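Structure first, then comments.
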Amino acid sequence: MSAEWEKLAREAATHNEPYEAFLLRLTELEVAARSANALAARIRAAAFPVAKDFDTYDFSALPSLPKQKVLELARGEWLEQRYNCCLIGPVGTGKTHIATALGLAACRQGQRVRFFTAAGLVNQLEEAQQQHRLERFLGQLDRADLLICDELGYLSFSRARAELLFQVFADRYERRSLLITSNLAFGEWGQVFQGERMTAALLDRLTHRCHIFEMNGESYRFKESMKAKKEPPKKGK
Ligand code: ADP
Ligand code: MG
């Protein structure tokens, strides 16, 4: 308001605008600026690795992914319902891209989002534990309406680290949403969580109320680079 009032006041005077109209315009500007700032802050706090949104995602590249259903999730009801989401498929099929786009959509709806890779999250959990601030870190994670855990399965963890991750996931059960991406089918998660009992307990909670998308297809990057190679040279034929 302090940045804009003089300009608006001059305009109002020139156009003989009533005071109420001036005040309304000034207040609307302030409200819009505040909500834009709050959104920018939510996106910063989410710590997305890249800025990827639905506008740059080509659904035709992966026809097995149900576009309508994914876009429905982007409307955010699944978060209100405390549902989870799993994106399962090989490398390069757009899992991180979709996870980020869903996270951005949630930020726009006023939700708090945190994005981690599985390895990064486990590192931070362990560090927090060593520094006797695990409770505080868990509290921060708990305040996120949506926790995104990307790339589960590329690394397997020690038993202690797997237990930390299990604790985070299990704590959210039916209270807050989780979005997990993995290159491993559920049947192979035992490799990550060291032991069938813990894996079974985790999967039971995770998949109870969960939207699961299998993103099976060729790597988008690989396909794009093959296309580029196959295209005839532009000059000289
Ligand atoms: P994953 O996480 O499954 O390994 P990424 O989401 O990192 O895959 O995708 C790899 C790259 O390809 C990224 O730059 C991503 O934006 C792009 N990409 C993947 N699928 C698509 C798609 N269907 N449309 C547009 N870009 C895509
Ligand atoms: Mg990825």
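The way I read the labels, and the way they are meant: chains A, B, ... in the order of the structure tokens, residue 1 as the first residue of every chain, and ligand 1 as the first ligand shown, with later ones counted on from there.
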Could the residues of chain A that have an atom at most 10 Å from ligand 2 be listed as a tab-separated table, each with its closest atom pair and the distance in Å to one decimal, counting only C-alpha atoms and all ligand atoms and ordered by chain and ascending residue number?
```
residue	atom	partner	partner_atom_place_in_ligand_line	distance
A:Pro49	CA	ligand 2	1 (Mg)	9.9
A:Gly89	CA	ligand 2	1 (Mg)	9.8
A:Pro90	CA	ligand 2	1 (Mg)	9.1
A:Val91	CA	ligand 2	1 (Mg)	6.6
A:Gly92	CA	ligand 2	1 (Mg)	6.7
A:Thr93	CA	ligand 2	1 (Mg)	8.1
A:Gly94	CA	ligand 2	1 (Mg)	6.8
A:Lys95	CA	ligand 2	1 (Mg)	5.5
A:Thr96	CA	ligand 2	1 (Mg)	4.1
A:His97	CA	ligand 2	1 (Mg)	7.2
A:Ile98	CA	ligand 2	1 (Mg)	9.4
A:Ala99	CA	ligand 2	1 (Mg)	8.8
A:Thr100	CA	ligand 2	1 (Mg)	9.9
A:Thr117	CA	ligand 2	1 (Mg)	8.8
A:Asp150	CA	ligand 2	1 (Mg)	6.6
A:Glu151	CA	ligand 2	1 (Mg)	5.9
A:Leu152	CA	ligand 2	1 (Mg)	9.6
A:Thr181	CA	ligand 2	1 (Mg)	7.6
A:Ser182	CA	ligand 2	1 (Mg)	8.3
A:Asn183	CA	ligand 2	1 (Mg)	8.9
```
Those selected residues, please, written with all heavy atoms and delivered as a compact mmCIF listing (two decimals), in the first residue's frame.
```
# COMPACT_ATOMS: atom_id res chain seq x y z
N PRO A 49 13.31 -29.30 -6.90
CA PRO A 49 14.64 -29.32 -7.52
C PRO A 49 14.66 -28.57 -8.85
O PRO A 49 15.68 -28.01 -9.23
CB PRO A 49 14.90 -30.81 -7.73
CG PRO A 49 13.55 -31.44 -7.80
CD PRO A 49 12.66 -30.61 -6.92
N GLY A 89 7.76 -46.23 -11.92
CA GLY A 89 8.18 -46.50 -13.30
C GLY A 89 9.67 -46.28 -13.47
O GLY A 89 10.33 -45.72 -12.60
N PRO A 90 10.19 -46.70 -14.61
CA PRO A 90 11.64 -46.60 -14.84
C PRO A 90 12.10 -45.15 -15.01
O PRO A 90 11.28 -44.24 -15.11
CB PRO A 90 11.86 -47.41 -16.12
CG PRO A 90 10.54 -47.47 -16.79
CD PRO A 90 9.50 -47.38 -15.73
N VAL A 91 13.39 -44.99 -15.06
CA VAL A 91 13.99 -43.66 -15.13
C VAL A 91 13.57 -42.93 -16.41
O VAL A 91 13.38 -43.54 -17.46
CB VAL A 91 15.53 -43.78 -15.04
CG1 VAL A 91 16.11 -44.50 -16.25
CG2 VAL A 91 16.19 -42.43 -14.88
N GLY A 92 13.38 -41.63 -16.28
CA GLY A 92 13.15 -40.79 -17.46
C GLY A 92 11.72 -40.73 -17.95
O GLY A 92 11.44 -40.16 -19.00
N THR A 93 10.78 -41.30 -17.20
CA THR A 93 9.40 -41.33 -17.67
C THR A 93 8.58 -40.14 -17.16
O THR A 93 7.38 -40.07 -17.40
CB THR A 93 8.71 -42.65 -17.26
OG1 THR A 93 8.93 -42.87 -15.87
CG2 THR A 93 9.28 -43.81 -18.06
N GLY A 94 9.22 -39.24 -16.44
CA GLY A 94 8.53 -38.01 -16.03
C GLY A 94 7.99 -38.03 -14.61
O GLY A 94 7.15 -37.21 -14.26
N LYS A 95 8.50 -38.93 -13.78
CA LYS A 95 7.99 -39.02 -12.40
C LYS A 95 8.28 -37.74 -11.62
O LYS A 95 7.41 -37.18 -10.96
CB LYS A 95 8.60 -40.23 -11.69
CG LYS A 95 8.25 -41.56 -12.32
CD LYS A 95 8.79 -42.74 -11.54
CE LYS A 95 10.31 -42.74 -11.41
NZ LYS A 95 10.99 -42.87 -12.74
N THR A 96 9.52 -37.27 -11.69
CA THR A 96 9.89 -36.06 -10.96
C THR A 96 9.12 -34.86 -11.52
O THR A 96 8.66 -33.99 -10.75
CB THR A 96 11.41 -35.82 -11.06
OG1 THR A 96 12.07 -36.96 -10.51
CG2 THR A 96 11.83 -34.58 -10.29
N HIS A 97 8.95 -34.84 -12.83
CA HIS A 97 8.21 -33.76 -13.47
C HIS A 97 6.77 -33.69 -12.94
O HIS A 97 6.31 -32.64 -12.49
CB HIS A 97 8.23 -34.00 -14.99
CG HIS A 97 7.77 -32.84 -15.81
ND1 HIS A 97 8.40 -32.45 -16.96
CD2 HIS A 97 6.74 -31.97 -15.65
CE1 HIS A 97 7.78 -31.39 -17.48
NE2 HIS A 97 6.76 -31.10 -16.70
N ILE A 98 6.09 -34.82 -12.95
CA ILE A 98 4.69 -34.86 -12.48
C ILE A 98 4.61 -34.57 -10.98
O ILE A 98 3.74 -33.83 -10.52
CB ILE A 98 4.06 -36.25 -12.77
CG1 ILE A 98 3.93 -36.46 -14.28
CG2 ILE A 98 2.70 -36.39 -12.10
CD1 ILE A 98 2.74 -35.81 -14.92
N ALA A 99 5.55 -35.12 -10.21
CA ALA A 99 5.54 -34.89 -8.76
C ALA A 99 5.69 -33.40 -8.47
O ALA A 99 5.01 -32.84 -7.59
CB ALA A 99 6.68 -35.68 -8.09
N THR A 100 6.58 -32.74 -9.21
CA THR A 100 6.80 -31.30 -9.01
C THR A 100 5.56 -30.51 -9.42
O THR A 100 5.13 -29.58 -8.72
CB THR A 100 8.02 -30.84 -9.83
OG1 THR A 100 9.13 -31.67 -9.48
CG2 THR A 100 8.36 -29.40 -9.54
N THR A 117 14.47 -35.77 -2.10
CA THR A 117 14.76 -37.09 -2.63
C THR A 117 14.82 -38.01 -1.42
O THR A 117 15.07 -37.56 -0.29
CB THR A 117 16.12 -37.15 -3.35
OG1 THR A 117 17.14 -36.84 -2.40
CG2 THR A 117 16.17 -36.18 -4.52
N ASP A 150 11.05 -38.29 -3.53
CA ASP A 150 11.37 -38.65 -4.92
C ASP A 150 12.50 -39.69 -4.93
O ASP A 150 13.37 -39.69 -4.05
CB ASP A 150 11.82 -37.37 -5.65
CG ASP A 150 11.82 -37.54 -7.18
OD1 ASP A 150 11.11 -38.42 -7.67
OD2 ASP A 150 12.52 -36.77 -7.85
N GLU A 151 12.46 -40.55 -5.90
CA GLU A 151 13.55 -41.51 -6.14
C GLU A 151 13.77 -42.51 -5.03
O GLU A 151 14.91 -42.80 -4.65
CB GLU A 151 14.88 -40.75 -6.39
CG GLU A 151 14.84 -39.90 -7.62
CD GLU A 151 16.18 -39.25 -7.94
OE1 GLU A 151 17.11 -39.36 -7.12
OE2 GLU A 151 16.27 -38.64 -9.01
N LEU A 152 12.68 -43.03 -4.50
CA LEU A 152 12.83 -44.12 -3.55
C LEU A 152 13.23 -45.37 -4.34
O LEU A 152 12.60 -45.69 -5.33
CB LEU A 152 11.50 -44.37 -2.83
CG LEU A 152 11.56 -45.33 -1.67
CD1 LEU A 152 12.15 -44.65 -0.45
CD2 LEU A 152 10.18 -45.88 -1.35
N THR A 181 7.79 -41.29 -5.43
CA THR A 181 8.11 -41.82 -6.75
C THR A 181 9.18 -42.90 -6.58
O THR A 181 10.04 -42.79 -5.72
CB THR A 181 8.66 -40.75 -7.73
OG1 THR A 181 10.07 -40.61 -7.54
CG2 THR A 181 7.98 -39.42 -7.57
N SER A 182 9.07 -43.92 -7.40
CA SER A 182 10.04 -45.02 -7.30
C SER A 182 10.22 -45.72 -8.62
O SER A 182 9.28 -45.81 -9.42
CB SER A 182 9.58 -46.02 -6.24
OG SER A 182 10.52 -47.07 -6.14
N ASN A 183 11.41 -46.20 -8.83
CA ASN A 183 11.68 -47.03 -10.00
C ASN A 183 11.38 -48.50 -9.70
O ASN A 183 11.46 -49.34 -10.58
CB ASN A 183 13.14 -46.88 -10.43
CG ASN A 183 14.10 -47.28 -9.32
OD1 ASN A 183 13.87 -46.94 -8.14
ND2 ASN A 183 15.14 -48.00 -9.64
```
- Apply DSSP to the backbone of this structure and, from range 3-219 of chain A, keep only the residues in strand (DSSP E); write these as a count of residues only. 28
- Task: Rank nothing, just name the residue among A:Cys86, A:Met1, A:Ala21, A:Cys210 nearest to ligand 1, using only C-alpha atoms and all ligand atoms.
- Result: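 Counting only C-alpha atoms and all ligand atoms, the residue closest to ligand 1 is A:Cys86.
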- Message: Could you list, as a list in words, every residue within 12 Å of Ala61 in chain A, counting only C-alpha atoms and ignoring same-chain residues fewer than 2 positions away?
- Response: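 Close residues of Ala61 in chain A: Thr56, Tyr57, Asp58, Phe59, Pro63, Ser64, Leu65, Pro66, Lys67, Gly92, Thr93, Gly94, Met215, Asn216, Gly217, Glu218, Ser219, Tyr220, Arg221, Phe222, Lys223 and Glu224 of chain A.
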- Task: Select, from A:Lys229, A:Lys52, A:Arg205, A:Arg34, the residue with the minimum atom-to-atom distance to ligand 1, counting only C-alpha atoms and all ligand atoms.
- Result: A:Lys52
- Item | helix (DSSP H, G or I) positions in range 76-168 of chain A, given as number ranges by chain | A: 77-80, 95-108, 118-130, 134-143, 159-168
- Task: Pick out the residues sitting within 6 Å of range 188-197 of chain A, and hand them over as an MDAnalysis selection string; count only C-alpha atoms, and ignore anything fewer than 5 positions along from it in its own chain.
- Result: chainID A and resid 153 156 162
Write the selection just made, keeping N, CA and C atoms, as a short mmCIF file (atom, residue, chain, number, x, y, z; two decimals), in the first residue's frame?
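As a result, result17.cif now contains:
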```cif
data_model
loop_
_atom_site.label_atom_id
_atom_site.label_comp_id
_atom_site.auth_asym_id
_atom_site.auth_seq_id
_atom_site.Cartn_x
_atom_site.Cartn_y
_atom_site.Cartn_z
N GLY A 153 14.30 -46.01 -3.90
CA GLY A 153 14.66 -47.25 -4.57
C GLY A 153 15.99 -47.22 -5.31
N SER A 156 19.60 -48.33 -1.42
CA SER A 156 19.00 -48.99 -0.27
C SER A 156 19.69 -48.46 0.98
N ALA A 162 16.59 -46.89 7.32
CA ALA A 162 15.28 -47.31 6.82
C ALA A 162 14.21 -47.09 7.89
#
```
- Item | Nearest to ligand 1 by atom-to-atom distance, counting only C-alpha atoms and all ligand atoms, from A:Ala228, A:Ala101, A:Leu62, A:Leu203 | A:Leu62
Can you tell me, as an mmCIF file with N, CA and C atoms, in the first residue's frame, what residues are no more than 10 Å from range 123-139 of chain A when counting only C-alpha atoms, ignoring any on the same chain fewer than 6 positions away?
```cif
data_model
loop_
_atom_site.group_PDB
_atom_site.id
_atom_site.type_symbol
_atom_site.label_atom_id
_atom_site.label_comp_id
_atom_site.auth_asym_id
_atom_site.auth_seq_id
_atom_site.Cartn_x
_atom_site.Cartn_y
_atom_site.Cartn_z
ATOM 1 N N PHE A 116 11.647 -33.733 -1.173
ATOM 2 C CA PHE A 116 12.958 -34.331 -0.876
ATOM 3 C C PHE A 116 13.204 -35.481 -1.842
ATOM 4 N N THR A 117 14.473 -35.768 -2.102
ATOM 5 C CA THR A 117 14.760 -37.092 -2.628
ATOM 6 C C THR A 117 14.816 -38.012 -1.417
ATOM 7 N N ALA A 160 18.960 -48.848 10.279
ATOM 8 C CA ALA A 160 18.644 -47.679 11.115
ATOM 9 C C ALA A 160 18.055 -46.551 10.273
ATOM 10 N N ARG A 161 18.638 -46.338 9.097
ATOM 11 C CA ARG A 161 18.146 -45.269 8.226
ATOM 12 C C ARG A 161 16.769 -45.615 7.674
ATOM 13 N N LEU A 164 14.199 -44.776 10.200
ATOM 14 C CA LEU A 164 13.886 -43.343 10.269
ATOM 15 C C LEU A 164 12.873 -42.962 9.203
ATOM 16 N N LEU A 165 13.119 -43.442 7.990
ATOM 17 C CA LEU A 165 12.215 -43.120 6.890
ATOM 18 C C LEU A 165 10.843 -43.744 7.135
ATOM 19 N N GLN A 167 9.491 -44.295 9.937
ATOM 20 C CA GLN A 167 8.818 -43.504 10.978
ATOM 21 C C GLN A 167 8.096 -42.297 10.361
ATOM 22 N N VAL A 168 8.789 -41.608 9.452
ATOM 23 C CA VAL A 168 8.188 -40.435 8.804
ATOM 24 C C VAL A 168 6.943 -40.841 8.022
ATOM 25 N N ASP A 171 4.060 -42.108 10.359
ATOM 26 C CA ASP A 171 3.451 -41.019 11.134
ATOM 27 C C ASP A 171 2.371 -40.279 10.359
#
```
- Message: Report, in Å to a single decimal, how far apart atom 7 (O, counted along the ligand's line) of ligand 1 and CA of Ala51 in chain A are.
- Response: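 Computed distance, CA of Ala51 in chain A to atom 7 (O, counted along the ligand's line) of ligand 1, equals 11.3 Å.
The spacing separating atom 25 (C, counted along the ligand's line) of ligand 1 from CA of Leu71 in chain A amounts to 14.9 Å.
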